[in-house]
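J.: This one is input17.tsv, TSV, C-alpha atoms.
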chain	number	residue	atom	x	y	z
U	113	MET	CA	-40.17	11.55	30.83
U	114	HIS	CA	-41.73	8.86	28.65
U	115	GLN	CA	-44.96	9.95	26.96
U	116	LEU	CA	-48.05	7.79	27.52
U	117	ARG	CA	-49.18	5.74	24.57
U	118	ALA	CA	-52.48	6.67	22.94
U	119	ASP	CA	-54.17	3.55	24.30
U	120	GLU	CA	-53.03	4.40	27.86
U	121	ILE	CA	-54.24	7.99	28.19
U	122	SER	CA	-57.78	7.03	29.22
U	123	TYR	CA	-56.72	4.71	32.07
U	124	GLU	CA	-58.21	5.92	35.35
U	125	ILE	CA	-56.17	3.51	37.48
U	126	SER	CA	-52.37	3.87	37.70
U	127	VAL	CA	-51.63	0.34	38.81
U	128	SER	CA	-53.56	-2.85	39.48
U	129	VAL	CA	-51.94	-5.12	42.06
U	130	ILE	CA	-53.21	-8.70	41.87
U	131	VAL	CA	-53.07	-10.77	45.06
U	132	PRO	CA	-53.82	-14.49	44.62
U	133	ALA	CA	-54.87	-15.95	47.98
U	134	PHE	CA	-55.60	-19.50	49.09
U	135	ASN	CA	-56.08	-20.03	52.82
U	136	MET	CA	-54.12	-16.91	53.73
U	137	GLU	CA	-56.04	-15.83	56.84
U	138	ARG	CA	-52.79	-15.56	58.84
U	139	TYR	CA	-51.11	-13.14	56.46
U	140	ILE	CA	-53.58	-11.46	54.10
U	141	GLU	CA	-54.22	-8.39	56.27
U	142	GLN	CA	-50.51	-7.55	56.54
U	143	CYS	CA	-50.18	-7.98	52.78
U	144	LEU	CA	-53.12	-5.69	51.99
U	145	ARG	CA	-52.19	-3.00	54.50
U	146	SER	CA	-48.77	-2.76	52.87
U	147	LEU	CA	-50.57	-2.07	49.59
U	148	PHE	CA	-52.89	0.47	51.21
U	149	ASP	CA	-49.73	2.29	52.39
U	150	GLN	CA	-48.34	2.67	48.87
U	151	ALA	CA	-47.12	6.14	47.98
U	152	VAL	CA	-49.08	6.14	44.72
U	153	ASP	CA	-52.65	7.25	44.06
U	154	ARG	CA	-55.22	5.53	41.86
U	155	LEU	CA	-54.06	2.08	42.91
U	156	GLU	CA	-56.46	-0.86	42.84
U	157	VAL	CA	-55.90	-4.06	44.77
U	158	ILE	CA	-57.55	-7.14	43.31
U	159	VAL	CA	-57.64	-10.10	45.69
U	160	VAL	CA	-58.46	-13.38	43.97
U	161	ASP	CA	-59.69	-15.83	46.62
U	162	ASP	CA	-58.81	-19.13	44.98
U	163	GLY	CA	-61.30	-21.37	46.77
U	164	SER	CA	-60.09	-20.74	50.33
U	165	THR	CA	-61.65	-22.82	53.09
U	166	ASP	CA	-60.62	-20.45	55.89
U	167	ARG	CA	-61.48	-16.80	56.67
U	168	THR	CA	-59.42	-15.24	53.88
U	169	GLY	CA	-62.41	-13.76	52.04
U	170	GLU	CA	-64.05	-12.58	55.24
U	171	ILE	CA	-60.90	-10.72	56.29
U	172	VAL	CA	-60.58	-9.05	52.89
U	173	GLU	CA	-64.19	-7.88	53.02
U	174	SER	CA	-63.64	-6.39	56.49
U	175	LEU	CA	-60.89	-4.05	55.29
U	176	THR	CA	-61.48	-0.53	53.97
U	177	PRO	CA	-58.84	1.00	51.71
U	178	PRO	CA	-57.80	4.64	52.20
U	179	ALA	CA	-58.68	7.44	49.80
U	180	GLY	CA	-57.00	6.99	46.43
U	181	LYS	CA	-56.99	3.19	46.72
U	182	SER	CA	-59.63	0.60	45.89
U	183	LEU	CA	-60.06	-3.02	46.94
U	184	ARG	CA	-61.87	-5.68	44.93
U	185	LEU	CA	-62.48	-9.30	45.88
U	186	ILE	CA	-62.93	-12.02	43.27
U	187	SER	CA	-63.97	-15.42	44.61
U	188	LYS	CA	-63.51	-18.49	42.43
U	189	PRO	CA	-63.12	-22.27	42.74
U	190	ASN	CA	-59.59	-23.44	43.45
U	191	GLY	CA	-57.53	-23.51	40.27
U	192	GLY	CA	-54.00	-22.74	41.34
U	193	LEU	CA	-51.74	-19.70	41.25
U	194	SER	CA	-51.77	-19.16	37.49
U	195	SER	CA	-55.54	-19.44	37.31
U	196	ALA	CA	-55.92	-16.84	40.07
U	197	ARG	CA	-53.43	-14.44	38.50
U	198	ASN	CA	-55.10	-14.77	35.10
U	199	ALA	CA	-58.49	-14.03	36.65
U	200	GLY	CA	-57.01	-10.92	38.25
U	201	MET	CA	-55.48	-9.75	34.97
U	202	ARG	CA	-58.82	-10.07	33.20
U	203	ALA	CA	-60.38	-7.79	35.83
U	204	ALA	CA	-57.51	-5.28	36.01
U	205	ARG	CA	-58.09	-1.68	34.91
U	206	GLY	CA	-54.67	-0.19	35.65
U	207	ARG	CA	-52.04	1.12	33.27
U	208	TRP	CA	-49.52	-1.07	35.11
U	209	ILE	CA	-49.94	-4.55	36.60
U	210	GLY	CA	-48.13	-6.01	39.58
U	211	PHE	CA	-48.43	-9.23	41.57
U	212	VAL	CA	-48.04	-9.87	45.30
U	213	ASP	CA	-48.47	-13.27	46.92
U	214	GLY	CA	-50.96	-13.27	49.80
U	215	ASP	CA	-48.36	-14.22	52.41
U	216	ASP	CA	-45.84	-11.54	51.39
U	217	TRP	CA	-45.78	-7.74	51.66
U	218	VAL	CA	-44.10	-4.75	50.00
U	219	ALA	CA	-42.30	-1.55	50.94
U	220	ALA	CA	-44.44	1.61	50.91
U	221	THR	CA	-42.42	3.02	48.00
U	222	MET	CA	-42.47	-0.08	45.80
U	223	TYR	CA	-45.00	0.87	43.17
U	224	SER	CA	-44.27	4.61	43.09
U	225	LEU	CA	-40.60	3.81	42.38
U	226	LEU	CA	-41.33	1.08	39.84
U	227	ILE	CA	-43.83	3.24	37.93
U	228	SER	CA	-41.58	6.30	37.97
U	229	GLU	CA	-38.53	4.39	36.75
U	230	ALA	CA	-40.48	2.42	34.14
U	231	GLU	CA	-42.18	5.49	32.68
U	232	SER	CA	-38.94	7.45	32.66
U	233	ALA	CA	-37.20	4.63	30.77
U	234	GLY	CA	-40.16	3.85	28.50
U	235	ALA	CA	-39.87	0.27	29.76
U	236	ASP	CA	-42.40	-2.54	29.51
U	237	VAL	CA	-41.03	-4.30	32.60
U	238	ALA	CA	-39.51	-2.98	35.84
U	239	ILE	CA	-37.73	-5.28	38.30
U	240	ALA	CA	-36.87	-4.67	41.96
U	241	ARG	CA	-34.84	-6.61	44.50
U	242	ASN	CA	-36.41	-8.55	47.33
U	243	LEU	CA	-35.60	-9.69	50.86
U	244	ARG	CA	-36.28	-13.18	52.20
U	245	VAL	CA	-38.03	-13.18	55.58
U	246	ASN	CA	-37.99	-16.24	57.82
U	247	SER	CA	-41.60	-17.05	58.68
U	248	THR	CA	-40.71	-18.19	62.20
U	249	SER	CA	-37.97	-15.83	63.38
U	250	GLY	CA	-38.66	-12.81	61.19
U	251	ALA	CA	-34.98	-12.65	60.25
U	252	GLN	CA	-34.32	-10.98	56.90
U	253	GLU	CA	-31.64	-11.84	54.37
U	254	PRO	CA	-30.88	-10.79	50.78
U	255	ALA	CA	-32.38	-12.59	47.81
U	256	LEU	CA	-30.60	-15.71	46.63
U	257	ASP	CA	-29.56	-13.95	43.43
U	258	ILE	CA	-28.03	-10.91	45.14
U	259	ALA	CA	-24.46	-11.60	43.96
U	260	ARG	CA	-25.62	-12.15	40.40
U	261	TRP	CA	-27.82	-9.04	40.63
U	262	ASN	CA	-24.93	-6.84	41.82
U	263	GLU	CA	-22.66	-8.18	39.10
U	264	PHE	CA	-25.35	-7.56	36.49
U	265	ILE	CA	-25.90	-3.92	37.56
U	266	LEU	CA	-22.14	-3.32	37.53
U	267	SER	CA	-21.74	-4.83	34.05
U	268	HIS	CA	-24.90	-3.70	32.26
U	269	GLY	CA	-26.44	-0.82	34.21
U	270	ARG	CA	-30.12	-0.54	35.06
U	271	ARG	CA	-31.72	0.09	31.66
U	272	VAL	CA	-31.30	-2.89	29.39
U	273	ASN	CA	-32.50	-4.55	26.23
U	274	PRO	CA	-33.00	-8.27	26.97
U	275	GLN	CA	-32.10	-9.15	23.38
U	276	ASN	CA	-28.55	-7.93	24.05
U	277	CYS	CA	-28.40	-9.10	27.66
U	278	PRO	CA	-28.49	-12.90	28.11
U	279	ASP	CA	-27.66	-12.59	31.82
U	280	LEU	CA	-30.98	-10.80	32.49
U	281	PHE	CA	-32.87	-14.02	31.79
U	282	VAL	CA	-31.35	-15.84	34.76
U	283	LEU	CA	-31.93	-13.29	37.49
U	284	ASP	CA	-34.61	-14.34	40.01
U	285	GLN	CA	-37.71	-15.34	38.02
U	286	SER	CA	-40.46	-14.16	40.40
U	287	ALA	CA	-43.29	-12.14	38.83
U	288	CYS	CA	-43.80	-10.50	42.22
U	289	ARG	CA	-40.58	-8.51	41.88
U	290	ARG	CA	-41.80	-7.13	38.57
U	291	LEU	CA	-44.16	-4.46	37.28
U	292	TYR	CA	-45.61	-4.90	33.79
U	293	ARG	CA	-47.10	-2.40	31.37
U	294	ARG	CA	-50.65	-3.62	30.83
U	295	ALA	CA	-50.66	-2.62	27.14
U	296	PHE	CA	-47.53	-4.78	26.69
U	297	LEU	CA	-49.12	-7.84	28.31
U	298	GLU	CA	-52.26	-7.42	26.24
U	299	GLY	CA	-50.26	-6.81	23.07
U	300	VAL	CA	-48.43	-10.14	23.37
U	301	LYS	CA	-51.61	-11.91	24.59
U	302	PHE	CA	-49.84	-13.04	27.74
U	303	ALA	CA	-51.33	-15.41	30.30
U	304	PHE	CA	-49.63	-17.53	32.96
U	305	VAL	CA	-49.46	-21.22	32.08
U	306	ASP	CA	-52.24	-22.97	33.97
U	307	GLU	CA	-52.01	-25.98	36.26
U	308	VAL	CA	-48.22	-26.17	36.60
U	309	LEU	CA	-45.73	-25.20	39.28
U	310	PHE	CA	-42.75	-23.02	38.27
U	311	GLU	CA	-45.05	-20.84	36.15
U	312	ASP	CA	-42.87	-17.76	36.73
U	313	TYR	CA	-39.90	-19.41	34.99
U	314	ILE	CA	-41.58	-19.76	31.60
U	315	ALA	CA	-43.34	-16.38	32.03
U	316	ASN	CA	-39.98	-14.67	32.52
U	317	PHE	CA	-38.52	-16.07	29.30
U	318	GLN	CA	-41.70	-15.45	27.29
U	319	LEU	CA	-41.93	-11.81	28.31
U	320	LEU	CA	-38.24	-10.93	28.07
U	321	PHE	CA	-38.13	-12.35	24.55
U	322	ARG	CA	-40.97	-10.01	23.58
U	323	THR	CA	-39.67	-6.68	24.85
U	324	SER	CA	-36.62	-4.52	24.24
U	325	ARG	CA	-37.00	-2.27	27.30
U	326	VAL	CA	-36.47	-3.34	30.90
U	327	VAL	CA	-35.41	-1.25	33.88
U	328	LEU	CA	-33.97	-2.50	37.18
U	329	ILE	CA	-34.51	-0.71	40.49
U	330	ASP	CA	-31.61	-1.44	42.83
U	331	GLU	CA	-33.61	-1.42	46.05
U	332	ALA	CA	-35.14	-4.26	48.10
U	333	LEU	CA	-38.85	-3.48	47.89
U	334	TYR	CA	-40.53	-6.90	48.12
U	335	PHE	CA	-40.59	-9.04	51.28
U	336	TYR	CA	-40.79	-12.75	50.47
U	337	ARG	CA	-41.82	-15.04	53.32
U	338	VAL	CA	-39.92	-18.36	53.45
U	339	GLY	CA	-40.23	-21.46	55.59
U	340	ASP	CA	-43.97	-22.05	55.29
U	341	GLN	CA	-45.42	-25.45	54.52
U	342	GLY	CA	-46.67	-25.81	50.94
U	343	GLN	CA	-44.03	-23.63	49.27
U	344	ILE	CA	-42.06	-25.18	46.41
U	345	THR	CA	-38.97	-25.14	48.61
U	346	GLY	CA	-40.65	-27.72	50.84
U	347	ARG	CA	-42.57	-29.86	48.36
U	348	LYS	CA	-41.58	-33.43	47.65
U	349	ASP	CA	-44.58	-34.79	45.69
U	350	ARG	CA	-44.88	-35.59	41.98
U	351	LYS	CA	-45.98	-32.02	41.15
U	352	ILE	CA	-42.26	-31.24	41.22
U	353	LEU	CA	-42.19	-33.04	37.85
U	354	ASP	CA	-43.94	-29.95	36.42
U	355	VAL	CA	-40.47	-28.44	36.13
U	356	LEU	CA	-39.91	-30.71	33.12
U	357	ILE	CA	-42.95	-29.26	31.36
U	358	VAL	CA	-41.79	-25.73	32.08
U	359	PHE	CA	-38.14	-26.27	31.11
U	360	ASN	CA	-39.17	-27.93	27.85
U	361	MET	CA	-41.38	-24.91	27.12
U	362	ILE	CA	-38.36	-22.67	27.72
U	363	VAL	CA	-36.33	-24.82	25.31
U	364	ASP	CA	-39.02	-24.16	22.69
U	365	GLU	CA	-38.77	-20.41	23.39
U	366	LEU	CA	-35.00	-20.52	23.02
U	367	TRP	CA	-35.17	-22.33	19.70
U	368	ASN	CA	-37.93	-20.19	18.26
U	369	HIS	CA	-36.28	-16.91	19.22
U	370	PHE	CA	-32.89	-17.94	17.82
U	371	ALA	CA	-31.21	-17.65	21.21
U	372	SER	CA	-27.53	-16.86	21.34
U	373	ALA	CA	-24.95	-19.38	22.48
U	374	GLU	CA	-24.54	-17.42	25.72
U	375	LEU	CA	-28.26	-17.44	26.49
U	376	TRP	CA	-28.32	-21.19	25.88
U	377	ALA	CA	-25.30	-21.54	28.19
U	378	ASN	CA	-27.06	-19.54	30.89
U	379	PHE	CA	-30.17	-21.69	30.63
U	380	ILE	CA	-28.14	-24.91	30.66
U	381	CYS	CA	-26.49	-23.73	33.88
U	382	LEU	CA	-29.79	-22.58	35.41
U	383	GLN	CA	-31.61	-25.83	34.71
U	384	GLY	CA	-28.61	-27.83	35.92
U	385	TRP	CA	-28.82	-26.19	39.34
U	386	TYR	CA	-32.58	-26.59	39.54
U	387	MET	CA	-32.45	-30.22	38.49
U	388	MET	CA	-29.88	-30.93	41.21
U	389	TRP	CA	-31.95	-29.14	43.84
U	390	LEU	CA	-35.25	-30.73	42.89
U	391	CYS	CA	-33.84	-34.23	42.43
U	392	ALA	CA	-32.45	-34.01	45.96
U	393	GLN	CA	-35.77	-32.74	47.30
U	394	ILE	CA	-38.35	-34.89	45.52
U	395	CYS	CA	-39.50	-38.11	47.20
U	396	ASP	CA	-37.63	-41.33	46.31
U	397	GLU	CA	-40.59	-42.65	44.31
U	398	HIS	CA	-40.26	-39.93	41.65
U	399	ARG	CA	-36.55	-39.05	41.79
U	400	GLU	CA	-35.39	-41.23	38.92
U	401	GLN	CA	-38.33	-40.13	36.74
U	402	LEU	CA	-37.32	-36.50	37.23
U	403	ALA	CA	-33.66	-37.25	36.48
U	404	SER	CA	-34.55	-39.23	33.35
U	405	GLY	CA	-36.78	-36.43	32.12
U	406	GLY	CA	-33.91	-33.99	32.58
U	407	ALA	CA	-31.66	-36.28	30.55
U	408	ARG	CA	-34.16	-36.33	27.68
U	409	MET	CA	-34.42	-32.55	27.79
U	410	ALA	CA	-30.63	-32.24	27.58
U	411	ARG	CA	-30.74	-33.84	24.11
U	412	SER	CA	-32.28	-30.52	22.94
U	413	PHE	CA	-29.23	-28.43	23.87
U	414	PRO	CA	-27.30	-27.21	20.80
U	415	PRO	CA	-23.55	-27.81	20.48
U	416	ARG	CA	-22.76	-24.08	20.53
U	417	GLY	CA	-24.68	-23.73	23.80
U	418	LEU	CA	-22.86	-26.67	25.37
U	419	ILE	CA	-19.47	-25.34	24.27
U	420	LYS	CA	-20.25	-21.88	25.65
U	421	PHE	CA	-21.53	-23.44	28.89
U	422	ARG	CA	-18.20	-25.18	29.46
U	423	GLN	CA	-16.29	-21.98	28.67
U	424	LYS	CA	-18.39	-19.81	30.98
U	425	PHE	CA	-19.10	-22.18	33.88
U	426	GLY	CA	-16.25	-24.68	33.60
U	427	ASP	CA	-14.80	-23.66	36.97
U	428	ASP	CA	-17.95	-24.85	38.79
U	429	PRO	CA	-17.54	-28.62	39.14
U	430	ARG	CA	-20.99	-29.26	40.62
U	431	VAL	CA	-23.05	-27.84	37.78
U	432	THR	CA	-20.71	-29.12	35.06
U	433	THR	CA	-20.89	-32.60	36.60
U	434	ALA	CA	-24.66	-32.37	36.74
U	435	VAL	CA	-24.92	-31.39	33.07
U	436	ASP	CA	-22.44	-34.08	32.01
U	437	LEU	CA	-24.53	-36.69	33.82
U	438	GLN	CA	-27.68	-35.35	32.17
U	439	LEU	CA	-26.04	-35.72	28.78
U	440	TYR	CA	-24.82	-39.22	29.69
U	441	GLY	CA	-28.48	-40.12	30.10
U	442	ASN	CA	-28.44	-42.38	33.15
U	443	GLY	CA	-31.24	-41.10	35.41
U	444	ARG	CA	-30.16	-43.21	38.35
U	445	LEU	CA	-26.60	-41.89	38.22
U	446	PHE	CA	-27.78	-38.28	38.07
U	447	ALA	CA	-30.26	-38.82	40.90
U	448	GLU	CA	-27.54	-40.30	43.11
U	449	PHE	CA	-25.26	-37.33	42.47
U	450	ALA	CA	-28.06	-34.83	43.12
U	451	ARG	CA	-29.01	-36.52	46.38
U	452	THR	CA	-25.47	-36.89	47.77
U	453	GLN	CA	-23.65	-34.01	46.00
U	454	VAL	CA	-20.75	-36.46	45.70
U	455	ALA	CA	-19.72	-37.93	42.35
U	456	SER	CA	-19.42	-41.72	42.44
U	457	GLU	CA	-16.48	-43.41	40.73
U	458	ARG	CA	-18.69	-44.11	37.73
U	459	ALA	CA	-19.82	-40.48	37.58
U	460	LYS	CA	-16.18	-39.33	37.75
U	461	LYS	CA	-15.36	-41.51	34.75
U	462	VAL	CA	-18.14	-39.86	32.78
U	463	VAL	CA	-16.95	-36.36	33.68
U	464	ARG	CA	-13.27	-37.10	32.98
U	465	SER	CA	-13.81	-38.89	29.67
U	466	ASN	CA	-12.62	-36.75	26.75
U	467	PHE	CA	-14.23	-39.27	24.42
U	468	LEU	CA	-17.64	-38.77	26.02
U	469	GLN	CA	-17.22	-34.98	25.95
U	470	ARG	CA	-16.60	-35.13	22.19
U	471	PHE	CA	-19.45	-37.61	21.77
U	472	PHE	CA	-21.93	-35.37	23.59
U	473	ILE	CA	-21.10	-32.48	21.23
U	474	ALA	CA	-21.25	-34.68	18.13
U	475	ARG	CA	-24.57	-36.22	19.17
U	476	ALA	CA	-25.98	-32.79	19.89
U	477	GLN	CA	-25.46	-31.88	16.23
U	478	LEU	CA	-28.22	-34.36	15.38
U	479	THR	CA	-30.47	-34.38	18.44
U	480	SER	CA	-30.63	-30.60	18.74
U	481	ARG	CA	-31.53	-30.29	15.04
U	482	LEU	CA	-34.46	-32.63	15.61
U	483	ALA	CA	-35.42	-30.68	18.74
U	484	ARG	CA	-35.35	-27.41	16.79
U	485	MET	CA	-37.64	-28.84	14.10
U	486	SER	CA	-40.08	-30.11	16.75
U	487	SER	CA	-40.04	-26.78	18.56
U	488	ARG	CA	-40.84	-24.86	15.40
U	489	ARG	CA	-43.69	-27.21	14.51
U	490	ARG	CA	-45.19	-26.62	17.96
U	491	TRP	CA	-44.64	-22.88	17.53
U	492	ARG	CA	-46.51	-22.78	14.21
U	493	ARG	CA	-49.32	-24.90	15.63
U	494	ASN	CA	-49.70	-22.61	18.64
U	495	LEU	CA	-49.74	-19.52	16.40
U	496	ALA	CA	-52.46	-21.08	14.27
U	497	ASN	CA	-54.52	-21.96	17.35
U	498	ALA	CA	-54.19	-18.41	18.70
U	499	ARG	CA	-55.65	-16.84	15.57
Starting from the file, lay out its structure as structure tokens.
T.:
Amino acid sequence: MHQLRADEISYEISVSVIVPAFNMERYIEQCLRSLFDQAVDRLEVIVVDDGSTDRTGEIVESLTPPAGKSLRLISKPNGGLSSARNAGMRAARGRWIGFVDGDDWVAATMYSLLISEAESAGADVAIARNLRVNSTSGAQEPALDIARWNEFILSHGRRVNPQNCPDLFVLDQSACRRLYRRAFLEGVKFAFVDEVLFEDYIANFQLLFRTSRVVLIDEALYFYRVGDQGQITGRKDRKILDVLIVFNMIVDELWNHFASAELWANFICLQGWYMMWLCAQICDEHREQLASGGARMARSFPPRGLIKFRQKFGDDPRVTTAVDLQLYGNGRLFAEFARTQVASERAKKVVRSNFLQRFFIARAQLTSRLARMSSRRRWRRNLANAR
């Protein structure tokens, strides 16, 4: 059993679960009752009402937690998911910190299992599986990353060091599947990036780069509701462009932590899939802007990462075509491929051209060096500002 650190012994609360909520009157009671049912004592639930205009706050105030649990309500002006989570973290008193979205719920054993496994392993982060639940029919299905998850467990086991495990970085990014040691979050001065969508993506890379101890729990403990209006999976507006901000921040993390060729390859694959998905989803007005931004980002990929990407994912023609078109730099051509999932004759010429393949690698020798220098300047500036 892992011994508590000196700065953790005085904690009176085992775990603080932060629930950001904006207009969640339909679901918030189910969410909170699942937390009241947790098989762990000294649990506090912190609901952050992020400027709701419905009865969310009123419903929270009407609920009474059972013995061994506490419920706190923080009301604040609307500031988005990151702002609400950060407000909850500032108020948290627990040794461990978890997050649950206000329209989701958790299994009764979630936090007892995560805490037990994390403390046994001496881990800073514990990760569980989730199930996707259709908001209309109630039908449940495994998480989208279930095949990758199973393969990861088989190859690496459940206790891992992220520095030796590039595949860990590309499992599902959701903070809600994770439990974090509070002393770890405070030690690295972590906060979610404000005012952007896709905040979990950059948070995942930031935190995995800063720990050497992660444990996976091979049980589906989190129930993620899908099919509701307003989720990223249904958005089409220009806020989707936030993914460019987040992916460029990840590129900086990769450069400044001297990422391996395989980790670069994994990220190149990951962003390729997301760029295809989001370019197909975003409204026509912003599609080419998103595709062009992805092409500019691709100039930051190092040659060793591109070579490893082709070695590892070369048998997947969709993502390799997407990345080739990003490197080619024609936003309209990429957007057309993303929307139709069919390579035009011009796109096929790009993909089949050995000359262009060699050119992309040669150009990356220069453009990635410039990107690395820019990333490190930003890194030093951010360190100076944090002092």
J.: Range 477-490 of chain U: which residues within 12 Å, counting all atoms listed in the file, same-chain residues fewer than 2 positions away excluded, as a PyMOL selection string?
T.: chain U and resi 360-371+408-419+439+470-475+492-497
J.: Give me a file of those residues, with C-alpha atoms, as a PDB file, in the frame of the given file.
T.:
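Now in part13.pdb:
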ATOM      1  CA  ASN U 360     -39.170 -27.930  27.850  1.00  0.00           C
ATOM      2  CA  MET U 361     -41.380 -24.910  27.120  1.00  0.00           C
ATOM      3  CA  ILE U 362     -38.360 -22.670  27.720  1.00  0.00           C
ATOM      4  CA  VAL U 363     -36.330 -24.820  25.310  1.00  0.00           C
ATOM      5  CA  ASP U 364     -39.020 -24.160  22.690  1.00  0.00           C
ATOM      6  CA  GLU U 365     -38.770 -20.410  23.390  1.00  0.00           C
ATOM      7  CA  LEU U 366     -35.000 -20.520  23.020  1.00  0.00           C
ATOM      8  CA  TRP U 367     -35.170 -22.330  19.700  1.00  0.00           C
ATOM      9  CA  ASN U 368     -37.930 -20.190  18.260  1.00  0.00           C
ATOM     10  CA  HIS U 369     -36.280 -16.910  19.220  1.00  0.00           C
ATOM     11  CA  PHE U 370     -32.890 -17.940  17.820  1.00  0.00           C
ATOM     12  CA  ALA U 371     -31.210 -17.650  21.210  1.00  0.00           C
ATOM     13  CA  ARG U 408     -34.160 -36.330  27.680  1.00  0.00           C
ATOM     14  CA  MET U 409     -34.420 -32.550  27.790  1.00  0.00           C
ATOM     15  CA  ALA U 410     -30.630 -32.240  27.580  1.00  0.00           C
ATOM     16  CA  ARG U 411     -30.740 -33.840  24.110  1.00  0.00           C
ATOM     17  CA  SER U 412     -32.280 -30.520  22.940  1.00  0.00           C
ATOM     18  CA  PHE U 413     -29.230 -28.430  23.870  1.00  0.00           C
ATOM     19  CA  PRO U 414     -27.300 -27.210  20.800  1.00  0.00           C
ATOM     20  CA  PRO U 415     -23.550 -27.810  20.480  1.00  0.00           C
ATOM     21  CA  ARG U 416     -22.760 -24.080  20.530  1.00  0.00           C
ATOM     22  CA  GLY U 417     -24.680 -23.730  23.800  1.00  0.00           C
ATOM     23  CA  LEU U 418     -22.860 -26.670  25.370  1.00  0.00           C
ATOM     24  CA  ILE U 419     -19.470 -25.340  24.270  1.00  0.00           C
ATOM     25  CA  LEU U 439     -26.040 -35.720  28.780  1.00  0.00           C
ATOM     26  CA  ARG U 470     -16.600 -35.130  22.190  1.00  0.00           C
ATOM     27  CA  PHE U 471     -19.450 -37.610  21.770  1.00  0.00           C
ATOM     28  CA  PHE U 472     -21.930 -35.370  23.590  1.00  0.00           C
ATOM     29  CA  ILE U 473     -21.100 -32.480  21.230  1.00  0.00           C
ATOM     30  CA  ALA U 474     -21.250 -34.680  18.130  1.00  0.00           C
ATOM     31  CA  ARG U 475     -24.570 -36.220  19.170  1.00  0.00           C
ATOM     32  CA  ARG U 492     -46.510 -22.780  14.210  1.00  0.00           C
ATOM     33  CA  ARG U 493     -49.320 -24.900  15.630  1.00  0.00           C
ATOM     34  CA  ASN U 494     -49.700 -22.610  18.640  1.00  0.00           C
ATOM     35  CA  LEU U 495     -49.740 -19.520  16.400  1.00  0.00           C
ATOM     36  CA  ALA U 496     -52.460 -21.080  14.270  1.00  0.00           C
ATOM     37  CA  ASN U 497     -54.520 -21.960  17.350  1.00  0.00           C
TER      38      ASN U 497
END
J.: Excluding Tyr313 in chain U and residues on its chain fewer than 5 positions from it, collect all residues at most 8 Å away from it, counting all atoms listed in the file, and give them as a ChimeraX atom specification.
T.: /U:285-286,358
J.: Considering all atoms listed in the file, return as a list of chain:residue names whatever protein or nucleic-acid residues lie within 10 Å of His398 in chain U, sequence-local ones (same chain, fewer than 5 positions apart) excluded.
T.: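 With the cut-off at 10 Å, the set is U:Lys348, U:Asp349, U:Arg350, U:Lys351, U:Ile352, U:Leu353, U:Cys391, U:Ala403.
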J.: CA of Asp162 in chain U and CA of Ser194 in chain U are how many Å apart?
T.: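 Interatomic distance, CA of Asp162 in chain U to CA of Ser194 in chain U: 10.3 Å.
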J.: Closest to Ala295 in chain U among U:Ile314, U:Ala251, U:Val237, U:Leu280, using all atoms listed in the file?
T.: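 Of U:Ile314, U:Ala251, U:Val237, U:Leu280, the one nearest Ala295 in chain U, counting all atoms listed in the file, is U:Val237.
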J.: With 3 Å on each side, where is the centre of the axis-aligned box around all listed atoms of range 301-318 of chain U, and how long are its edges in Å to one decimal, as lines of an AutoDock Vina configuration file?
T.:
center_x = -45.4
center_y = -19.0
center_z = 31.9
size_x = 19.7
size_y = 20.3
size_z = 20.7
J.: Write out as a ChimeraX atom specification each polymer residue whose atoms come within 9 Å of Val212 in chain U, counting only C-alpha atoms; drop sequence neighbours fewer than 3 positions from it.
T.: /U:129-132,143,215-218,287-289,334
J.: Name the residues, using the chain letters and numbers of the file, that sit within 9 Å of (-33.3, -4.4, 45.5) when counting all atoms listed in the file, and give them as a PyMOL selection string.
T.: chain U and resi 239-243+254-255+258+261+328-334
J.: When distances are computed from all atoms listed in the file, which of U:Asn135, U:Gln142, U:Ser164, U:Asn273 shows the smallest separation from Gly234 in chain U?
T.: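 Among the listed residues, the smallest separation from Gly234 in chain U belongs to U:Asn273.
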J.: Choose the residue, out of U:Phe148, U:Gln383, U:Arg347, U:Phe134, that has the smallest atom-to-atom separation from Asp166 in chain U; count only C-alpha atoms.
T.: U:Phe134
J.: So that I can check the surroundings of Arg271 in chain U, please list as a PyMOL selection string every protein, DNA and RNA residue that reaches within 8 Å of it, counting all atoms listed in the file and ignoring chain neighbours fewer than 4 positions away.
T.: chain U and resi 233+325-328
J.: State, in Å with one decimal place, the distance from CA of Leu185 in chain U to CA of Gly169 in chain U.
T.: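 Computing it gives 7.6 Å between the two atoms.
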J.: Name the closest residue to Phe281 in chain U among the candidates U:Trp376, U:Phe359, U:Phe302, U:Phe211; distances are taken between atoms, counting all atoms listed in the file.
T.: U:Trp376
J.: Which distance in Å separates CA of Asp236 in chain U and CA of Tyr292 in chain U, to one decimal?
T.: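 Distance between the two atoms: 5.8 Å.
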J.: Go through U:Val463, U:Ala151, U:Leu225, U:Ala303 and flag the residue nearest Gly426 in chain U, using all atoms listed in the file for the distances.
T.: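 Closest to Gly426 in chain U of all the choices is U:Val463.
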J.: For Ser228 in chain U, which of U:Asn198, U:Asp340, U:Arg260, U:Val152 is the closest residue, counting all atoms listed in the file?
T.: U:Val152
